[in-house]
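Q: To be precise about what I am sending: the file is called run.pdb and holds PDB, C-alpha atoms and all ligand atoms.
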ATOM      1  CA  MET H   1     -43.183  65.467 -86.663
ATOM      2  CA  LEU H   2     -44.503  65.923 -90.218
ATOM      3  CA  LYS H   3     -42.717  62.796 -91.421
ATOM      4  CA  THR H   4     -44.438  60.822 -88.654
ATOM      5  CA  VAL H   5     -47.809  62.083 -89.886
ATOM      6  CA  LYS H   6     -47.025  60.965 -93.416
ATOM      7  CA  THR H   7     -45.956  57.480 -92.353
ATOM      8  CA  SER H   8     -48.757  56.958 -89.813
ATOM      9  CA  ALA H   9     -51.564  58.230 -92.040
ATOM     10  CA  LYS H  10     -51.042  55.271 -94.350
ATOM     11  CA  LYS H  11     -51.605  52.820 -91.514
ATOM     12  CA  THR H  12     -53.966  54.381 -88.995
ATOM     13  CA  HIS H  13     -56.241  57.299 -88.134
ATOM     14  CA  VAL H  14     -54.268  60.499 -87.681
ATOM     15  CA  GLU H  15     -55.356  63.876 -86.367
ATOM     16  CA  VAL H  16     -53.069  66.871 -86.231
ATOM     17  CA  THR H  17     -53.221  69.600 -83.598
ATOM     18  CA  ASN H  18     -51.379  72.813 -84.349
ATOM     19  CA  LEU H  19     -50.800  75.084 -81.343
ATOM     20  CA  VAL H  20     -50.807  78.570 -82.843
ATOM     21  CA  ILE H  21     -48.364  80.885 -81.047
ATOM     22  CA  PRO H  22     -48.302  84.590 -82.021
ATOM     23  CA  GLY H  23     -44.976  85.600 -83.561
ATOM     24  CA  LEU H  24     -43.850  81.990 -83.834
ATOM     25  CA  ASN H  25     -46.117  80.140 -86.267
ATOM     26  CA  ASP H  26     -49.074  82.404 -87.021
ATOM     27  CA  THR H  27     -48.399  83.575 -90.586
ATOM     28  CA  ASP H  28     -50.590  82.740 -93.582
ATOM     29  CA  GLU H  29     -47.558  81.127 -95.218
ATOM     30  CA  MET H  30     -47.189  78.693 -92.327
ATOM     31  CA  PHE H  31     -50.908  77.834 -92.334
ATOM     32  CA  GLU H  32     -50.748  77.271 -96.100
ATOM     33  CA  LYS H  33     -47.649  75.119 -95.826
ATOM     34  CA  LEU H  34     -49.210  72.877 -93.189
ATOM     35  CA  THR H  35     -52.486  72.688 -95.145
ATOM     36  CA  ASP H  36     -50.724  71.753 -98.388
ATOM     37  CA  PHE H  37     -48.656  69.122 -96.622
ATOM     38  CA  LEU H  38     -51.699  67.420 -95.071
ATOM     39  CA  ALA H  39     -53.910  67.776 -98.170
ATOM     40  CA  ASP H  40     -51.229  66.008-100.221
ATOM     41  CA  ILE H  41     -51.398  63.033 -97.856
ATOM     42  CA  ASN H  42     -55.187  62.971 -97.382
ATOM     43  CA  PRO H  43     -57.697  65.887 -97.349
ATOM     44  CA  LEU H  44     -59.740  63.978 -94.756
ATOM     45  CA  ILE H  45     -57.046  64.250 -92.051
ATOM     46  CA  PRO H  46     -58.579  66.336 -89.230
ATOM     47  CA  LEU H  47     -56.609  69.470 -88.385
ATOM     48  CA  HIS H  48     -57.108  71.328 -85.105
ATOM     49  CA  PHE H  49     -55.854  74.853 -84.582
ATOM     50  CA  SER H  50     -55.422  75.302 -80.882
ATOM     51  CA  ARG H  51     -55.313  78.610 -79.039
ATOM     52  CA  TYR H  52     -52.144  79.325 -77.134
ATOM     53  CA  HIS H  53     -52.155  80.791 -73.631
ATOM     54  CA  PRO H  54     -48.932  82.237 -72.175
ATOM     55  CA  ASN H  55     -47.220  80.191 -69.501
ATOM     56  CA  PHE H  56     -43.939  80.338 -67.623
ATOM     57  CA  ARG H  57     -41.787  79.210 -70.541
ATOM     58  CA  ILE H  58     -43.066  81.310 -73.410
ATOM     59  CA  SER H  59     -44.306  84.838 -72.807
ATOM     60  CA  ASN H  60     -45.785  85.531 -76.278
ATOM     61  CA  PRO H  61     -49.293  87.054 -76.046
ATOM     62  CA  VAL H  62     -52.401  84.850 -76.162
ATOM     63  CA  THR H  63     -53.506  83.846 -79.683
ATOM     64  CA  GLN H  64     -56.188  86.171 -81.084
ATOM     65  CA  GLU H  65     -59.394  84.394 -82.068
ATOM     66  CA  LYS H  66     -59.279  86.103 -85.461
ATOM     67  CA  THR H  67     -55.903  84.436 -86.125
ATOM     68  CA  LEU H  68     -57.459  81.013 -85.498
ATOM     69  CA  TYR H  69     -60.403  81.817 -87.762
ATOM     70  CA  ARG H  70     -57.988  82.945 -90.485
ATOM     71  CA  ALA H  71     -55.976  79.734 -90.092
ATOM     72  CA  ALA H  72     -59.156  77.648 -90.339
ATOM     73  CA  GLN H  73     -60.320  79.586 -93.385
ATOM     74  CA  ILE H  74     -57.033  78.875 -95.176
ATOM     75  CA  ALA H  75     -57.006  75.203 -94.200
ATOM     76  CA  ARG H  76     -60.647  74.657 -95.247
ATOM     77  CA  ARG H  77     -59.743  75.470 -98.839
ATOM     78  CA  LYS H  78     -58.073  72.052 -99.050
ATOM     79  CA  LEU H  79     -58.960  70.058 -95.935
ATOM     80  CA  LYS H  80     -62.396  68.671 -95.092
ATOM     81  CA  HIS H  81     -62.170  68.621 -91.286
ATOM     82  CA  VAL H  82     -60.736  71.752 -89.688
ATOM     83  CA  TYR H  83     -61.386  72.681 -86.068
ATOM     84  CA  ILE H  84     -60.529  75.463 -83.665
ATOM     85  CA  GLY H  85     -59.665  74.584 -80.087
ATOM     86  CA  ASN H  86     -59.392  76.365 -76.745
ATOM     87  CA  ILE H  87     -61.944  79.070 -77.456
ATOM     88  CA  PRO H  88     -65.361  79.424 -75.805
ATOM     89  CA  SER H  89     -67.380  79.043 -79.004
ATOM     90  CA  ASP H  90     -68.404  75.471 -79.785
ATOM     91  CA  THR H  91     -69.538  76.065 -83.341
ATOM     92  CA  HIS H  92     -66.113  75.305 -84.789
ATOM     93  CA  ASN H  93     -65.925  71.856 -83.290
ATOM     94  CA  GLN H  94     -68.755  70.319 -85.255
ATOM     95  CA  THR H  95     -68.031  67.860 -88.047
ATOM     96  CA  THR H  96     -69.964  68.059 -91.275
ATOM     97  CA  CYS H  97     -70.046  65.498 -94.063
ATOM     98  CA  PRO H  98     -67.599  66.546 -96.805
ATOM     99  CA  THR H  99     -70.090  65.422 -99.456
ATOM    100  CA  CYS H 100     -73.601  66.472 -98.346
ATOM    101  CA  GLY H 101     -72.610  69.069 -95.722
ATOM    102  CA  LYS H 102     -74.934  67.729 -93.032
ATOM    103  CA  LEU H 103     -73.841  67.753 -89.379
ATOM    104  CA  VAL H 104     -72.504  64.269 -88.622
ATOM    105  CA  VAL H 105     -70.633  64.758 -85.315
ATOM    106  CA  GLU H 106     -71.984  67.214 -82.776
ATOM    107  CA  ARG H 107     -69.819  68.139 -79.806
ATOM    108  CA  ALA H 108     -69.984  70.464 -76.818
ATOM    109  CA  GLY H 109     -66.358  71.049 -75.890
ATOM    110  CA  TYR H 110     -64.936  67.543 -75.695
ATOM    111  CA  THR H 111     -68.298  65.873 -75.086
ATOM    112  CA  LEU H 112     -69.865  63.968 -77.939
ATOM    113  CA  LEU H 113     -73.555  64.817 -78.255
ATOM    114  CA  LYS H 114     -74.629  63.152 -81.469
ATOM    115  CA  MET H 115     -72.952  60.923 -84.034
ATOM    116  CA  SER H 116     -74.435  60.250 -87.463
ATOM    117  CA  VAL H 117     -71.626  58.119 -88.870
ATOM    118  CA  THR H 118     -71.646  54.346 -89.327
ATOM    119  CA  ASN H 119     -68.406  52.547 -90.203
ATOM    120  CA  GLY H 120     -66.949  55.867 -91.359
ATOM    121  CA  LEU H 121     -69.869  56.535 -93.724
ATOM    122  CA  CYS H 122     -72.322  59.418 -93.510
ATOM    123  CA  ASN H 123     -75.766  58.294 -92.287
ATOM    124  CA  PHE H 124     -77.418  60.801 -94.601
ATOM    125  CA  CYS H 125     -75.735  60.221 -97.960
ATOM    126  CA  GLY H 126     -73.473  57.176 -97.424
ATOM    127  CA  SER H 127     -70.240  58.924 -98.388
ATOM    128  CA  GLU H 128     -66.847  58.449 -96.762
ATOM    129  CA  THR H 129     -66.519  61.023 -93.936
ATOM    130  CA  GLY H 130     -63.018  60.336 -92.629
ATOM    131  CA  VAL H 131     -64.551  59.976 -89.161
ATOM    132  CA  VAL H 132     -63.360  56.907 -87.254
ATOM    133  CA  THR H 133     -66.163  55.235 -85.348
ATOM    134  CA  SER H 134     -64.675  51.994 -84.085
TER     135      SER H 134
HETATM  136 ZN    ZN P   1     -73.228  62.991 -96.234
END
Turn this file's structure into structure tokens for me.
Ligand SMILES: [Zn+2]
A:
Amino acid sequence: MLKTVKTSAKKTHVEVTNLVIPGLNDTDEMFEKLTDFLADINPLIPLHFSRYHPNFRISNPVTQEKTLYRAAQIARRKLKHVYIGNIPSDTHNQTTCPTCGKLVVERAGYTLLKMSVTNGLCNFCGSETGVVTS
């Protein structure tokens, strides 16, 4: 999977979703490894940490929200666009400009509310955002 990301990121827009499963891939070391890997390719690659809910195949407990926040905190040290998925709070699904810090993509769940990006550039400061608008 990681090799595919590396190859594809050179040619097209890539986003990575990491389903965080307690006891399987929820250590700081694993979050750091994934972060380092993506940051080496391009720090603008969006990374989503998704909350796991038990189903019939895997009976591990549901992912704690604090684990997702910790993962995001680690990833944000090197990546510009880090999101948390499958939790009620919407505040972690907003996109800010990596240069000026202003809110450029506002979402409610999966619904786009407001977009302040033109041709990938921030409408406020004109910097590259990594957001694909076409
Ligand atoms: Zn900006």
Q: Considering all atoms listed in the file, give me a table of residues in chain H that are at most 9 Å from ligand ZN 1 (chain P), with the closest atom pair and distance in Å for each, as a tab-separated table.
A:
residue	atom	partner	partner_atom	distance
H:Thr96	CA	P:ZN1	ZN	7.8
H:Cys97	CA	P:ZN1	ZN	4.6
H:Pro98	CA	P:ZN1	ZN	6.7
H:Thr99	CA	P:ZN1	ZN	5.1
H:Cys100	CA	P:ZN1	ZN	4.1
H:Gly101	CA	P:ZN1	ZN	6.1
H:Lys102	CA	P:ZN1	ZN	6.0
H:Leu103	CA	P:ZN1	ZN	8.4
H:Val104	CA	P:ZN1	ZN	7.8
H:Val117	CA	P:ZN1	ZN	9.0
H:Leu121	CA	P:ZN1	ZN	7.7
H:Cys122	CA	P:ZN1	ZN	4.6
H:Asn123	CA	P:ZN1	ZN	6.6
H:Phe124	CA	P:ZN1	ZN	5.0
H:Cys125	CA	P:ZN1	ZN	4.1
H:Gly126	CA	P:ZN1	ZN	5.9
H:Ser127	CA	P:ZN1	ZN	5.5
H:Glu128	CA	P:ZN1	ZN	7.9
H:Thr129	CA	P:ZN1	ZN	7.4
Q: Which polymer residues have any atom within 10 Å of an atom of Ala39 (chain H), counting all atoms listed in the file, with same-chain residues fewer than 2 positions away left out, as a list in words?
A: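 My reading of the contact set: Lys33, Leu34, Thr35, Asp36, Phe37, Ile41, Asn42, Pro43, Leu44, Ile45, Ala75, Arg77, Lys78, Leu79 and Lys80 of chain H.
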Q: Choose the residue, out of H:Leu24, H:Val132, H:Val16, H:Val105, that has the smallest atom-to-atom separation from Tyr52 (chain H); count only C-alpha atoms.
A: H:Leu24
Q: With distances taken over all atoms listed in the file, which of H:Asn86, H:Thr95, H:Thr7, H:Thr67 is nearest to Leu38 (chain H)?
A: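 So, comparing all the options, the nearest one is H:Thr7.
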Q: What residues come out when you apply the PyMOL selection byres (((chain H and resi 71) around 9) and not hetatm) to this file, written as a short mmCIF file (atom, residue, chain, number, x, y, z; two decimals) with C-alpha atoms, in the coordinates of the input?
A:
data_model
loop_
_atom_site.label_atom_id
_atom_site.label_comp_id
_atom_site.auth_asym_id
_atom_site.auth_seq_id
_atom_site.Cartn_x
_atom_site.Cartn_y
_atom_site.Cartn_z
CA VAL H 20 -50.81 78.57 -82.84
CA ASP H 26 -49.07 82.40 -87.02
CA THR H 27 -48.40 83.58 -90.59
CA ASP H 28 -50.59 82.74 -93.58
CA PHE H 31 -50.91 77.83 -92.33
CA GLU H 32 -50.75 77.27 -96.10
CA PHE H 49 -55.85 74.85 -84.58
CA LYS H 66 -59.28 86.10 -85.46
CA THR H 67 -55.90 84.44 -86.12
CA LEU H 68 -57.46 81.01 -85.50
CA TYR H 69 -60.40 81.82 -87.76
CA ARG H 70 -57.99 82.94 -90.48
CA ALA H 72 -59.16 77.65 -90.34
CA GLN H 73 -60.32 79.59 -93.38
CA ILE H 74 -57.03 78.88 -95.18
CA ALA H 75 -57.01 75.20 -94.20
CA ARG H 76 -60.65 74.66 -95.25
CA ILE H 84 -60.53 75.46 -83.66
#
Q: May I ask for the distance between CA of Leu113 (chain H) and CA of Tyr83 (chain H), given in Å to one decimal place?
A: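 Straight-line distance from CA of Leu113 (chain H) to CA of Tyr83 (chain H) works out to 16.5 Å.
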Q: For the atom pair CA of Gly23 (chain H) and CA of Lys6 (chain H), what is the interatomic distance in Å to one decimal place?
A: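 One can read the CA of Gly23 (chain H) to CA of Lys6 (chain H) distance as 26.6 Å.
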Q: In Å, how far is it from CA of His53 (chain H) to CA of Met30 (chain H)?
A: 19.5 Å
Q: Given 6 Å of margin on each side, can you work out the centre and size in Å (one decimal) of an axis-aligned box holding every listed atom of region 56-67 of chain H, as AutoDock Vina command-line options?
A:
--center_x -50.6 --center_y 83.1 --center_z -76.9 --size_x 29.6 --size_y 19.8 --size_z 30.5
Q: Please determine, counting all atoms listed in the file, which residue among H:Gly85, H:Pro54, H:Gly120, H:Gly130 has the shortest atom-to-atom distance to Thr17 (chain H).
A: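 Closest candidate: H:Gly85.
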Q: Would you fill out region 102-126 of chain H with N, CA and C atoms and return it as a PDB file, in the coordinates of the input?
A:
ATOM      1  N   LYS H 102     -74.104  67.845 -94.234  1.00  0.00           N
ATOM      2  CA  LYS H 102     -74.934  67.729 -93.032  1.00  0.00           C
ATOM      3  C   LYS H 102     -74.060  67.500 -91.801  1.00  0.00           C
ATOM      4  N   LEU H 103     -74.559  67.912 -90.642  1.00  0.00           N
ATOM      5  CA  LEU H 103     -73.841  67.753 -89.379  1.00  0.00           C
ATOM      6  C   LEU H 103     -73.798  66.276 -89.000  1.00  0.00           C
ATOM      7  N   VAL H 104     -72.592  65.696 -88.937  1.00  0.00           N
ATOM      8  CA  VAL H 104     -72.504  64.269 -88.622  1.00  0.00           C
ATOM      9  C   VAL H 104     -71.939  63.995 -87.231  1.00  0.00           C
ATOM     10  N   VAL H 105     -71.108  64.920 -86.690  1.00  0.00           N
ATOM     11  CA  VAL H 105     -70.633  64.758 -85.315  1.00  0.00           C
ATOM     12  C   VAL H 105     -70.848  66.088 -84.595  1.00  0.00           C
ATOM     13  N   GLU H 106     -71.657  66.019 -83.543  1.00  0.00           N
ATOM     14  CA  GLU H 106     -71.984  67.214 -82.776  1.00  0.00           C
ATOM     15  C   GLU H 106     -71.314  67.121 -81.411  1.00  0.00           C
ATOM     16  N   ARG H 107     -70.532  68.142 -81.080  1.00  0.00           N
ATOM     17  CA  ARG H 107     -69.819  68.139 -79.806  1.00  0.00           C
ATOM     18  C   ARG H 107     -70.132  69.406 -79.007  1.00  0.00           C
ATOM     19  N   ALA H 108     -69.996  69.286 -77.692  1.00  0.00           N
ATOM     20  CA  ALA H 108     -69.984  70.464 -76.818  1.00  0.00           C
ATOM     21  C   ALA H 108     -68.666  70.372 -76.075  1.00  0.00           C
ATOM     22  N   GLY H 109     -67.704  71.201 -76.442  1.00  0.00           N
ATOM     23  CA  GLY H 109     -66.358  71.049 -75.890  1.00  0.00           C
ATOM     24  C   GLY H 109     -65.814  69.705 -76.317  1.00  0.00           C
ATOM     25  N   TYR H 110     -65.471  68.860 -75.357  1.00  0.00           N
ATOM     26  CA  TYR H 110     -64.936  67.543 -75.695  1.00  0.00           C
ATOM     27  C   TYR H 110     -65.994  66.452 -75.552  1.00  0.00           C
ATOM     28  N   THR H 111     -67.239  66.854 -75.271  1.00  0.00           N
ATOM     29  CA  THR H 111     -68.298  65.873 -75.086  1.00  0.00           C
ATOM     30  C   THR H 111     -69.021  65.622 -76.404  1.00  0.00           C
ATOM     31  N   LEU H 112     -69.162  64.355 -76.723  1.00  0.00           N
ATOM     32  CA  LEU H 112     -69.865  63.968 -77.939  1.00  0.00           C
ATOM     33  C   LEU H 112     -71.365  63.974 -77.683  1.00  0.00           C
ATOM     34  N   LEU H 113     -72.109  64.737 -78.451  1.00  0.00           N
ATOM     35  CA  LEU H 113     -73.555  64.817 -78.255  1.00  0.00           C
ATOM     36  C   LEU H 113     -74.307  63.902 -79.204  1.00  0.00           C
ATOM     37  N   LYS H 114     -73.897  63.938 -80.474  1.00  0.00           N
ATOM     38  CA  LYS H 114     -74.629  63.152 -81.469  1.00  0.00           C
ATOM     39  C   LYS H 114     -73.682  62.719 -82.576  1.00  0.00           C
ATOM     40  N   MET H 115     -73.807  61.465 -82.984  1.00  0.00           N
ATOM     41  CA  MET H 115     -72.952  60.923 -84.034  1.00  0.00           C
ATOM     42  C   MET H 115     -73.821  60.312 -85.112  1.00  0.00           C
ATOM     43  N   SER H 116     -73.662  60.781 -86.336  1.00  0.00           N
ATOM     44  CA  SER H 116     -74.435  60.250 -87.463  1.00  0.00           C
ATOM     45  C   SER H 116     -73.505  59.632 -88.499  1.00  0.00           C
ATOM     46  N   VAL H 117     -72.591  58.787 -88.009  1.00  0.00           N
ATOM     47  CA  VAL H 117     -71.626  58.119 -88.870  1.00  0.00           C
ATOM     48  C   VAL H 117     -71.639  56.643 -88.534  1.00  0.00           C
ATOM     49  N   THR H 118     -71.700  55.785 -89.550  1.00  0.00           N
ATOM     50  CA  THR H 118     -71.646  54.346 -89.327  1.00  0.00           C
ATOM     51  C   THR H 118     -70.517  53.764 -90.170  1.00  0.00           C
ATOM     52  N   ASN H 119     -69.582  53.116 -89.517  1.00  0.00           N
ATOM     53  CA  ASN H 119     -68.406  52.547 -90.203  1.00  0.00           C
ATOM     54  C   ASN H 119     -67.706  53.581 -91.091  1.00  0.00           C
ATOM     55  N   GLY H 120     -67.637  54.812 -90.615  1.00  0.00           N
ATOM     56  CA  GLY H 120     -66.949  55.867 -91.359  1.00  0.00           C
ATOM     57  C   GLY H 120     -67.796  56.519 -92.445  1.00  0.00           C
ATOM     58  N   LEU H 121     -69.019  56.003 -92.654  1.00  0.00           N
ATOM     59  CA  LEU H 121     -69.869  56.535 -93.724  1.00  0.00           C
ATOM     60  C   LEU H 121     -70.971  57.433 -93.159  1.00  0.00           C
ATOM     61  N   CYS H 122     -71.273  58.470 -93.886  1.00  0.00           N
ATOM     62  CA  CYS H 122     -72.322  59.418 -93.510  1.00  0.00           C
ATOM     63  C   CYS H 122     -73.674  58.708 -93.481  1.00  0.00           C
ATOM     64  N   ASN H 123     -74.443  58.913 -92.390  1.00  0.00           N
ATOM     65  CA  ASN H 123     -75.766  58.294 -92.287  1.00  0.00           C
ATOM     66  C   ASN H 123     -76.769  58.918 -93.248  1.00  0.00           C
ATOM     67  N   PHE H 124     -76.469  60.107 -93.721  1.00  0.00           N
ATOM     68  CA  PHE H 124     -77.418  60.801 -94.601  1.00  0.00           C
ATOM     69  C   PHE H 124     -77.225  60.438 -96.072  1.00  0.00           C
ATOM     70  N   CYS H 125     -75.949  60.447 -96.520  1.00  0.00           N
ATOM     71  CA  CYS H 125     -75.735  60.221 -97.960  1.00  0.00           C
ATOM     72  C   CYS H 125     -74.856  59.004 -98.269  1.00  0.00           C
ATOM     73  N   GLY H 126     -74.267  58.393 -97.215  1.00  0.00           N
ATOM     74  CA  GLY H 126     -73.473  57.176 -97.424  1.00  0.00           C
ATOM     75  C   GLY H 126     -72.064  57.400 -97.898  1.00  0.00           C
TER      76      GLY H 126
END
